[in-house]
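Step one of this worksheet: look at the structure below.
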Amino acid sequence: MTFQWTAVAAFLYGEIGVILVLCLPFISPLRWQKIFMFPLWSKMAVFWNKMFLTIIVLLIILFLDAVREVRKYSSVHVNEKAANVNSSAFDHIQMKLFRSQRNLYLSGFSLFLWLVLRRTVSLLTQLAKEMASHAALETQVNDATEAAKKYMAENERLQEALSGKGNGKKKESDTTEEKLKEEVEHLKAELQKTSNAFHKAKTEVAAVKKQSEGLRREYDHLMKEFEQLQQSLNKAEDKKDL
């Protein structure tokens, strides 16, 4: 195996290892986001798009070269011509064909897994952001609920105070009643604002849950594709061993 195809094979094995680590169930997306926020990754993110496109171009070139080699050595005319010369030449052609097919699998799977790896990282990042937003919305909803309960308790207390002021002096009672009414109106307005914020936060939580479910379904779909790809790679390796 030449140096370039050895590098492609090593790159493919590295991709498989990284994807397996990213798919570990006990590492949450929030923890992956913390890992991606390290200063080292922040510095690499500047060159990430350029590196991704460069590797894509290299893998496409190698894939097309492997396709060309497979078509070259799988030609019926070439095989018959080699067989008419001698058996050793025919075996040499078959060996070249086997190597070109192996290189085709290596470059194709490397290209596919590179795209899957990028998509997996972006899904993990999006899922971590949605989970953080969901937690913030739940905290906001809880705060709004507590504030609403507090205002309702104060409203009830003020209403009880208003009902118990009938035995005082008329002038003081009127002044106190006006102040209490103003405070009650103010509390009602605050309660209405809090109620509106509570309903809005509840709606946002439902939307975030739907989006999180969509991301989970897409993540499971990628996992199934990865399992199918790994099975195909195992079959290719078994063919190579044979």
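Going through the structure tokens in order, the chains are called A, B, and so on, while each chain numbers its residues from 1 and the ligands are numbered from 1 in the order shown.
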Residues within 12 Å of region 147-151 of chain A, please, as an mmCIF file with C-alpha atoms, in the first residue's frame. Count only C-alpha atoms; anything in the same chain fewer than 5 positions from it doesn't count.
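Saved to around.cif:
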data_model
loop_
_atom_site.group_PDB
_atom_site.id
_atom_site.type_symbol
_atom_site.label_atom_id
_atom_site.label_comp_id
_atom_site.auth_asym_id
_atom_site.auth_seq_id
_atom_site.Cartn_x
_atom_site.Cartn_y
_atom_site.Cartn_z
ATOM 1 C CA GLN A 140 -38.087 31.517 33.718
ATOM 2 C CA VAL A 141 -41.412 29.688 33.916
ATOM 3 C CA ASN A 142 -40.775 28.683 37.528
ATOM 4 C CA GLU A 156 -56.055 38.368 48.691
ATOM 5 C CA ARG A 157 -54.450 40.024 51.709
ATOM 6 C CA LEU A 158 -55.343 43.469 50.412
ATOM 7 C CA GLU A 183 -52.314 49.176 44.983
ATOM 8 C CA VAL A 184 -54.759 46.459 43.994
ATOM 9 C CA GLU A 185 -54.964 47.824 40.452
ATOM 10 C CA HIS A 186 -51.191 47.971 40.283
ATOM 11 C CA LEU A 187 -50.890 44.397 41.495
ATOM 12 C CA LYS A 188 -53.525 43.275 39.006
ATOM 13 C CA ALA A 189 -51.542 44.863 36.182
ATOM 14 C CA GLU A 190 -48.366 43.169 37.391
ATOM 15 C CA LEU A 191 -50.218 39.875 37.694
ATOM 16 C CA GLN A 192 -51.495 40.213 34.118
ATOM 17 C CA LYS A 193 -47.949 40.881 32.851
ATOM 18 C CA THR A 194 -46.644 37.896 34.763
ATOM 19 C CA SER A 195 -49.449 35.699 33.415
ATOM 20 C CA ASN A 196 -48.682 36.770 29.852
ATOM 21 C CA ALA A 197 -44.992 36.062 30.372
ATOM 22 C CA PHE A 198 -45.884 32.662 31.812
ATOM 23 C CA HIS A 199 -47.999 31.705 28.769
#
Next item on the list: Excluding Glu218 (chain A) and any residue of its chain fewer than 2 positions from it, enumerate the residues within 12 Å of it, using only C-alpha atoms, and give them as a list in words.
Entry: Val116, Arg119, Thr120, Ser122, Leu123, Leu124, Gln126, Leu127, Gln211, Ser212, Glu213, Gly214, Leu215, Arg216, Asp220, His221, Leu222, Met223, Lys224 and Glu225 of chain A
Notebook entry, point to check: Counting only C-alpha atoms, what is within 10 Å of Met131 (chain A), bar same-chain residues fewer than 2 positions away, as a PyMOL selection string?
Noted result: chain A and resi 29-30+125-129+133-137+208-209+212
Item checked: Near-region 7-18 of chain A list (8 Å; only C-alpha atoms; drop same-chain fewer than 4 positions) as a VMD selection string -> chain A and resid 3 22 106 to 107 109 to 110 113 to 114 117
